[in-house]
Amino acid sequence: MDRALVWDRGTLKLLDQSVLPHQTRVVACATADEVADAIRTMKVRGAPAIGAAAAYGLVLAAQTAATADPPMLRAHLDTAAQMLLGTRPTAVNLRWAVERMLAVAGRVAWRSGGDLVEALLAEAQRICEQDVRTNRAIGANGAALIRPGERILTYCNTGSLATVDYGTALGIIRAAHEQGKRIQVFVSETRPLLQGARLTAWEVLRYGIPATLIADNAAAWLMRQGLIDRVVVGADRVAANGDTANKIGTYGLAVLARAHEIPFLVAAPLSTVDFRAPDGSAIPIEERPPEEVTHVAGVPVAPEGIAAANPAFDITPHHLITAIVTEAGVATPPYTRSLLDLSATRAGR
Ligand code: MRU
């Protein structure tokens, strides 16, 4: 399977990211509950991929409903939507996709369950196609900022696996590489779940991008030695003022980048910008099970009985971000203005 998620004759197939790169396992989801479970357990992950998976989850909810009665079917869909929304609270693409799907359900005149499934499936497919186009545009807009020979530090996984295809922050890196800019990438491992070491390292090897894996705590020292020219990361939710939620550890990298006068770029589709959140304090931060910290790949690395905190994301304040690259262009400070302008440009297209 080439993509993180594929709709295949009535089921959603996911490349199980919880076991990559050492196992290639495809899980098939036939119900919305199975999709919700796959999102919760991070078999599918990354903000845009979660949104797309949830969209298909609602197709499955309509497809498996035990009723053909429109009001009951609608209630069933709303229940499934709530369940999907409850899986991971930080990535706003989940809410964006679910709201898009529910809007379709409310808009189309469906006389049977079959009509509804068809309309929902068409919308889920539009979300996926749009995501790929969006990522290509982010890649092109971001690559224009990269100078030949740059050494770029990236964090977590923001590539094909985290999206429908191509990626956001990793999309910029891919585009710069494809343009022959002779870039080098430093991939930070990204504890606790090692999305950098397991997933980004796997992707850059496939694309032939020169890359070096580092432990998260090596970043400061590499910067100090002048080995990093730019940091490029993704986002799970960007507030209206540019404050950005991304994988825990992103904030620390932004502080380090500022201390070493290194540009810090965020890549995000406009679907990741939450204009309902005025600033980062309005973004919920997901707390995940402590076992993800006390264990690595299921093996205990800490004494039994120790308490562990596991916030999955942090907020990078907007003043530490040099620019936010979207599909509609590059937002620069003040973000309250530039993000709105880009969003208006896109809506007017
Ligand atoms: O917990 P994860 O692996 O879903 O977190 C993913 C990230 O933090 C990504 O940087 C973000 O979703 C952007 S993916 C294009």
# chains A, B, ... in the order shown; residues from 1 in each chain; ligands from 1
call {"tool": "residues_near_ligand", "arguments": {"ligand": "ligand 1", "cutoff": "6 Å", "atoms": "only C-alpha atoms and all ligand atoms", "output": "list in words"}}
result
Arg45, Gly46, Ala47, Pro48, Cys156, Asn157, Thr158, Ala162, Thr163, Gly167, Thr168, Gly234, Ala235, Asp236, Asn246 and Lys247 of chain A
call {"tool": "closest_atom_pairs", "arguments": {"of": "stretch 27-92 of chain A", "to": "stretch 122-131 of chain A", "cutoff": "12 Å", "atoms": "only C-alpha atoms", "output": "tab-separated table"}}
result
residue	atom	partner	partner_atom	distance
A:Ala47	CA	A:Asp131	CA	11.1
A:Pro48	CA	A:Asp131	CA	7.4
A:Ala49	CA	A:Cys128	CA	8.8
A:Ile50	CA	A:Cys128	CA	11.1
A:Gly51	CA	A:Ile127	CA	8.6
A:Ala52	CA	A:Cys128	CA	6.3
A:Ala53	CA	A:Ala124	CA	8.6
A:Ala54	CA	A:Ala124	CA	8.9
A:Ala55	CA	A:Ala124	CA	5.3
A:Tyr56	CA	A:Ala124	CA	6.0
A:Gly57	CA	A:Ala124	CA	9.3
A:Leu58	CA	A:Ala124	CA	8.8
A:Val59	CA	A:Ala124	CA	7.8
A:Leu60	CA	A:Ala124	CA	10.9
call {"tool": "select_by_dssp", "arguments": {"residues": "stretch 22-95 of chain A", "states": "strand (DSSP E)", "output": "number ranges by chain"}}
result
A: 26-29
call {"tool": "residues_around", "arguments": {"residues": "A:Ala344", "least_positions_apart": "6", "cutoff": "12 Å", "atoms": "only C-alpha atoms", "output": "list in words"}}
result
Leu270, Ala328, Gly329, Arg337 and Ser338 of chain A
call {"tool": "closest_residue", "arguments": {"among": "A:Asp69, A:Glu150, A:Asp243, A:Asp78", "to": "A:Ala105", "atoms": "only C-alpha atoms"}}
result
A:Asp78
call {"tool": "closest_residue", "arguments": {"among": "A:Arg100, A:Arg107, A:Arg40, A:Arg230", "to": "A:Arg147", "atoms": "only C-alpha atoms"}}
result
A:Arg230
call {"tool": "residues_around", "arguments": {"residues": "stretch 28-31 of chain A", "least_positions_apart": "2", "cutoff": "8 Å", "atoms": "only C-alpha atoms", "output": "VMD selection string"}}
result
chain A and resid 10 to 14 26 33 to 35 57 60 to 61 64
call {"tool": "residues_around", "arguments": {"residues": "A:Asp279", "least_positions_apart": "5", "cutoff": "12 Å", "atoms": "only C-alpha atoms", "output": "list in words"}}
result
Arg237, Val238, Ala239, Ala240, Asn241, Gly242, Asp243, Thr244, Ala245, Val273, Asp274, Pro284, Ile315, Thr316, Pro317, His318, His319, Tyr335 and Thr336 of chain A
call {"tool": "write_last_selection", "arguments": {"atoms": "N, CA and C atoms", "output": "tab-separated table (two decimals), in the first residue's frame"}}
result
chain	number	residue	atom	x	y	z
A	237	ARG	N	-2.66	22.39	15.04
A	237	ARG	CA	-3.65	23.47	15.04
A	237	ARG	C	-2.90	24.80	15.17
A	238	VAL	N	-3.27	25.73	14.31
A	238	VAL	CA	-2.68	27.07	14.38
A	238	VAL	C	-3.80	28.01	14.81
A	239	ALA	N	-3.57	28.75	15.90
A	239	ALA	CA	-4.58	29.71	16.35
A	239	ALA	C	-4.56	30.94	15.44
A	240	ALA	N	-5.60	31.77	15.56
A	240	ALA	CA	-5.73	32.94	14.67
A	240	ALA	C	-4.52	33.87	14.76
A	241	ASN	N	-3.84	33.89	15.92
A	241	ASN	CA	-2.69	34.79	16.06
A	241	ASN	C	-1.37	34.12	15.71
A	242	GLY	N	-1.43	32.88	15.19
A	242	GLY	CA	-0.22	32.18	14.76
A	242	GLY	C	0.38	31.25	15.81
A	243	ASP	N	-0.09	31.30	17.05
A	243	ASP	CA	0.38	30.32	18.05
A	243	ASP	C	0.10	28.93	17.48
A	244	THR	N	1.07	28.03	17.60
A	244	THR	CA	0.97	26.76	16.87
A	244	THR	C	1.13	25.55	17.79
A	245	ALA	N	0.12	24.67	17.75
A	245	ALA	CA	0.22	23.39	18.47
A	245	ALA	C	0.86	22.37	17.53
A	273	VAL	N	-5.67	25.84	10.36
A	273	VAL	CA	-5.80	27.13	11.06
A	273	VAL	C	-7.20	27.21	11.67
A	274	ASP	N	-7.24	27.42	12.98
A	274	ASP	CA	-8.52	27.48	13.69
A	274	ASP	C	-8.81	28.93	14.06
A	284	PRO	N	-6.87	22.73	23.00
A	284	PRO	CA	-6.75	21.64	23.98
A	284	PRO	C	-5.52	20.78	23.69
A	315	ILE	N	2.53	24.21	22.63
A	315	ILE	CA	2.19	25.39	21.84
A	315	ILE	C	3.45	26.23	21.65
A	316	THR	N	3.77	26.50	20.41
A	316	THR	CA	4.87	27.42	20.12
A	316	THR	C	4.27	28.81	19.94
A	317	PRO	N	4.69	29.78	20.78
A	317	PRO	CA	4.12	31.12	20.64
A	317	PRO	C	4.48	31.74	19.29
A	318	HIS	N	3.58	32.51	18.74
A	318	HIS	CA	3.75	33.04	17.37
A	318	HIS	C	5.02	33.86	17.20
A	319	HIS	N	5.50	34.50	18.29
A	319	HIS	CA	6.67	35.37	18.12
A	319	HIS	C	7.96	34.57	17.87
A	335	TYR	N	0.54	37.57	12.27
A	335	TYR	CA	-0.24	36.46	11.70
A	335	TYR	C	-1.74	36.70	11.75
A	336	THR	N	-2.20	37.45	12.74
A	336	THR	CA	-3.64	37.69	12.85
A	336	THR	C	-4.13	38.26	11.52
call {"tool": "closest_residue", "arguments": {"among": "A:Asp115, A:Glu287, A:Asp165, A:Glu327", "to": "A:Ala308", "atoms": "only C-alpha atoms"}}
result
A:Glu287
call {"tool": "residues_around", "arguments": {"residues": "stretch 297-303 of chain A", "least_positions_apart": "6", "cutoff": "9 Å", "atoms": "only C-alpha atoms", "output": "list in words"}}
result
Val19, Leu193 and Glu291 of chain A
call {"tool": "write_last_selection", "arguments": {"atoms": "N, CA and C atoms", "output": "compact mmCIF listing (two decimals), in the first residue's frame"}}
result
# COMPACT_ATOMS: atom_id res chain seq x y z
N VAL A 19 3.33 0.23 13.98
CA VAL A 19 4.35 -0.85 13.90
C VAL A 19 5.41 -0.60 12.83
N LEU A 193 6.99 8.61 21.04
CA LEU A 193 6.57 7.54 20.12
C LEU A 193 7.45 7.42 18.88
N GLU A 291 2.26 5.04 29.83
CA GLU A 291 3.06 3.90 29.33
C GLU A 291 3.86 4.26 28.09
call {"tool": "atom_distance", "arguments": {"atom1": "atom CA of A:Ser271", "atom2": "atom CA of A:Ile324"}}
result
13.1 Å
call {"tool": "atom_distance", "arguments": {"atom1": "atom CA of A:Gln225", "atom2": "atom CA of A:Ala175"}}
result
26.7 Å
call {"tool": "closest_residue", "arguments": {"among": "A:Trp7, A:Ile152, A:Pro89, A:Leu20", "to": "A:Ala282", "atoms": "only C-alpha atoms"}}
result
A:Pro89
call {"tool": "atom_distance", "arguments": {"atom1": "atom CA of A:Ala331", "atom2": "atom CA of A:Leu265"}}
result
10.2 Å
call {"tool": "residues_around", "arguments": {"residues": "A:Leu153", "least_positions_apart": "4", "cutoff": "8 Å", "atoms": "only C-alpha atoms", "output": "VMD selection string"}}
result
chain A and resid 185 to 188 228 to 232
call {"tool": "closest_residue", "arguments": {"among": "A:Arg174, A:Arg133, A:Arg191, A:Arg258", "to": "A:Tyr155", "atoms": "only C-alpha atoms"}}
result
A:Arg191
call {"tool": "select_by_dssp", "arguments": {"residues": "stretch 4-183 of chain A", "states": "alpha helix (DSSP H)", "output": "JSON, numbers by chain"}}
result
{"A": [32, 33, 34, 35, 36, 37, 38, 39, 40, 47, 48, 49, 50, 51, 52, 53, 54, 55, 56, 57, 58, 59, 60, 61, 62, 63, 70, 71, 72, 73, 74, 75, 76, 77, 78, 79, 80, 81, 82, 83, 84, 85, 92, 93, 94, 95, 96, 97, 98, 99, 100, 101, 102, 103, 104, 105, 106, 107, 113, 114, 115, 116, 117, 118, 119, 120, 121, 122, 123, 124, 125, 126, 127, 128, 129, 130, 131, 132, 133, 134, 135, 136, 137, 138, 139, 140, 141, 142, 143, 169, 170, 171, 172, 173, 174, 175, 176, 177, 178]}
call {"tool": "decode", "arguments": {"residues": "stretch 139-173 of chain A", "atoms": "N, CA and C atoms", "output": "mmCIF file, in the first residue's frame"}}
result
data_model
loop_
_atom_site.group_PDB
_atom_site.id
_atom_site.type_symbol
_atom_site.label_atom_id
_atom_site.label_comp_id
_atom_site.auth_asym_id
_atom_site.auth_seq_id
_atom_site.Cartn_x
_atom_site.Cartn_y
_atom_site.Cartn_z
ATOM 1 N N GLY A 139 4.397 22.539 -0.553
ATOM 2 C CA GLY A 139 5.769 22.148 -0.926
ATOM 3 C C GLY A 139 6.398 23.195 -1.828
ATOM 4 N N ALA A 140 5.667 23.629 -2.846
ATOM 5 C CA ALA A 140 6.216 24.611 -3.791
ATOM 6 C C ALA A 140 6.441 25.955 -3.093
ATOM 7 N N ASN A 141 5.466 26.400 -2.295
ATOM 8 C CA ASN A 141 5.612 27.696 -1.616
ATOM 9 C C ASN A 141 6.776 27.688 -0.623
ATOM 10 N N GLY A 142 6.931 26.574 0.072
ATOM 11 C CA GLY A 142 7.999 26.490 1.079
ATOM 12 C C GLY A 142 9.365 26.303 0.450
ATOM 13 N N ALA A 143 9.427 25.501 -0.614
ATOM 14 C CA ALA A 143 10.729 25.224 -1.244
ATOM 15 C C ALA A 143 11.337 26.505 -1.808
ATOM 16 N N ALA A 144 10.469 27.457 -2.176
ATOM 17 C CA ALA A 144 10.968 28.733 -2.718
ATOM 18 C C ALA A 144 11.792 29.492 -1.669
ATOM 19 N N LEU A 145 11.585 29.163 -0.386
ATOM 20 C CA LEU A 145 12.330 29.860 0.683
ATOM 21 C C LEU A 145 13.666 29.180 0.985
ATOM 22 N N ILE A 146 13.843 27.963 0.497
ATOM 23 C CA ILE A 146 15.034 27.164 0.855
ATOM 24 C C ILE A 146 16.183 27.497 -0.104
ATOM 25 N N ARG A 147 17.338 27.790 0.477
ATOM 26 C CA ARG A 147 18.513 28.072 -0.373
ATOM 27 C C ARG A 147 19.265 26.774 -0.658
ATOM 28 N N PRO A 148 19.974 26.729 -1.794
ATOM 29 C CA PRO A 148 20.734 25.510 -2.117
ATOM 30 C C PRO A 148 21.693 25.138 -0.981
ATOM 31 N N GLY A 149 21.751 23.846 -0.714
ATOM 32 C CA GLY A 149 22.706 23.345 0.271
ATOM 33 C C GLY A 149 22.280 23.479 1.722
ATOM 34 N N GLU A 150 21.041 23.917 1.970
ATOM 35 C CA GLU A 150 20.630 24.106 3.379
ATOM 36 C C GLU A 150 20.603 22.792 4.154
ATOM 37 N N ARG A 151 20.893 22.932 5.444
ATOM 38 C CA ARG A 151 20.776 21.788 6.361
ATOM 39 C C ARG A 151 19.559 22.054 7.245
ATOM 40 N N ILE A 152 18.565 21.199 7.084
ATOM 41 C CA ILE A 152 17.241 21.459 7.673
ATOM 42 C C ILE A 152 16.929 20.447 8.765
ATOM 43 N N LEU A 153 16.531 20.963 9.906
ATOM 44 C CA LEU A 153 16.097 20.070 10.992
ATOM 45 C C LEU A 153 14.579 19.944 10.942
ATOM 46 N N THR A 154 14.081 18.711 10.972
ATOM 47 C CA THR A 154 12.633 18.527 11.026
ATOM 48 C C THR A 154 12.254 17.629 12.202
ATOM 49 N N TYR A 155 10.978 17.671 12.557
ATOM 50 C CA TYR A 155 10.532 17.025 13.784
ATOM 51 C C TYR A 155 9.255 16.223 13.534
ATOM 52 N N CYS A 156 9.090 15.151 14.262
ATOM 53 C CA CYS A 156 7.911 14.294 14.162
ATOM 54 C C CYS A 156 7.804 13.766 12.727
ATOM 55 N N ASN A 157 6.618 13.406 12.282
ATOM 56 C CA ASN A 157 6.453 12.986 10.889
ATOM 57 C C ASN A 157 5.351 13.807 10.250
ATOM 58 N N THR A 158 5.703 14.469 9.162
ATOM 59 C CA THR A 158 4.777 15.366 8.477
ATOM 60 C C THR A 158 4.738 15.029 6.988
ATOM 61 N N GLY A 159 5.048 13.789 6.658
ATOM 62 C CA GLY A 159 5.164 13.397 5.257
ATOM 63 C C GLY A 159 3.913 12.739 4.725
ATOM 64 N N SER A 160 4.104 11.857 3.747
ATOM 65 C CA SER A 160 2.988 11.123 3.154
ATOM 66 C C SER A 160 2.181 10.395 4.212
ATOM 67 N N LEU A 161 2.879 9.866 5.203
ATOM 68 C CA LEU A 161 2.186 9.073 6.222
ATOM 69 C C LEU A 161 1.238 9.918 7.060
ATOM 70 N N ALA A 162 1.575 11.193 7.244
ATOM 71 C CA ALA A 162 0.778 12.067 8.113
ATOM 72 C C ALA A 162 -0.338 12.773 7.356
ATOM 73 N N THR A 163 -0.369 12.556 6.050
ATOM 74 C CA THR A 163 -1.339 13.243 5.192
ATOM 75 C C THR A 163 -1.952 12.193 4.262
ATOM 76 N N VAL A 164 -2.658 12.657 3.244
ATOM 77 C CA VAL A 164 -3.146 11.680 2.256
ATOM 78 C C VAL A 164 -1.987 11.313 1.328
ATOM 79 N N ASP A 165 -1.173 12.298 1.000
ATOM 80 C CA ASP A 165 0.046 12.044 0.225
ATOM 81 C C ASP A 165 0.938 13.284 0.256
ATOM 82 N N TYR A 166 2.204 13.086 0.034
ATOM 83 C CA TYR A 166 3.249 14.107 -0.136
ATOM 84 C C TYR A 166 3.711 14.776 1.157
ATOM 85 N N GLY A 167 2.788 15.243 1.996
ATOM 86 C CA GLY A 167 3.210 15.817 3.262
ATOM 87 C C GLY A 167 3.232 17.334 3.256
ATOM 88 N N THR A 168 3.402 17.905 4.472
ATOM 89 C CA THR A 168 3.406 19.371 4.630
ATOM 90 C C THR A 168 4.844 19.866 4.834
ATOM 91 N N ALA A 169 5.353 19.778 6.080
ATOM 92 C CA ALA A 169 6.748 20.190 6.308
ATOM 93 C C ALA A 169 7.688 19.289 5.503
ATOM 94 N N LEU A 170 7.423 17.996 5.535
ATOM 95 C CA LEU A 170 8.272 17.091 4.741
ATOM 96 C C LEU A 170 8.012 17.297 3.249
ATOM 97 N N GLY A 171 6.827 17.790 2.901
ATOM 98 C CA GLY A 171 6.526 18.142 1.510
ATOM 99 C C GLY A 171 7.451 19.260 1.030
ATOM 100 N N ILE A 172 7.722 20.230 1.897
ATOM 101 C CA ILE A 172 8.651 21.319 1.542
ATOM 102 C C ILE A 172 10.044 20.747 1.305
ATOM 103 N N ILE A 173 10.441 19.864 2.210
ATOM 104 C CA ILE A 173 11.771 19.233 2.086
ATOM 105 C C ILE A 173 11.839 18.408 0.802
#
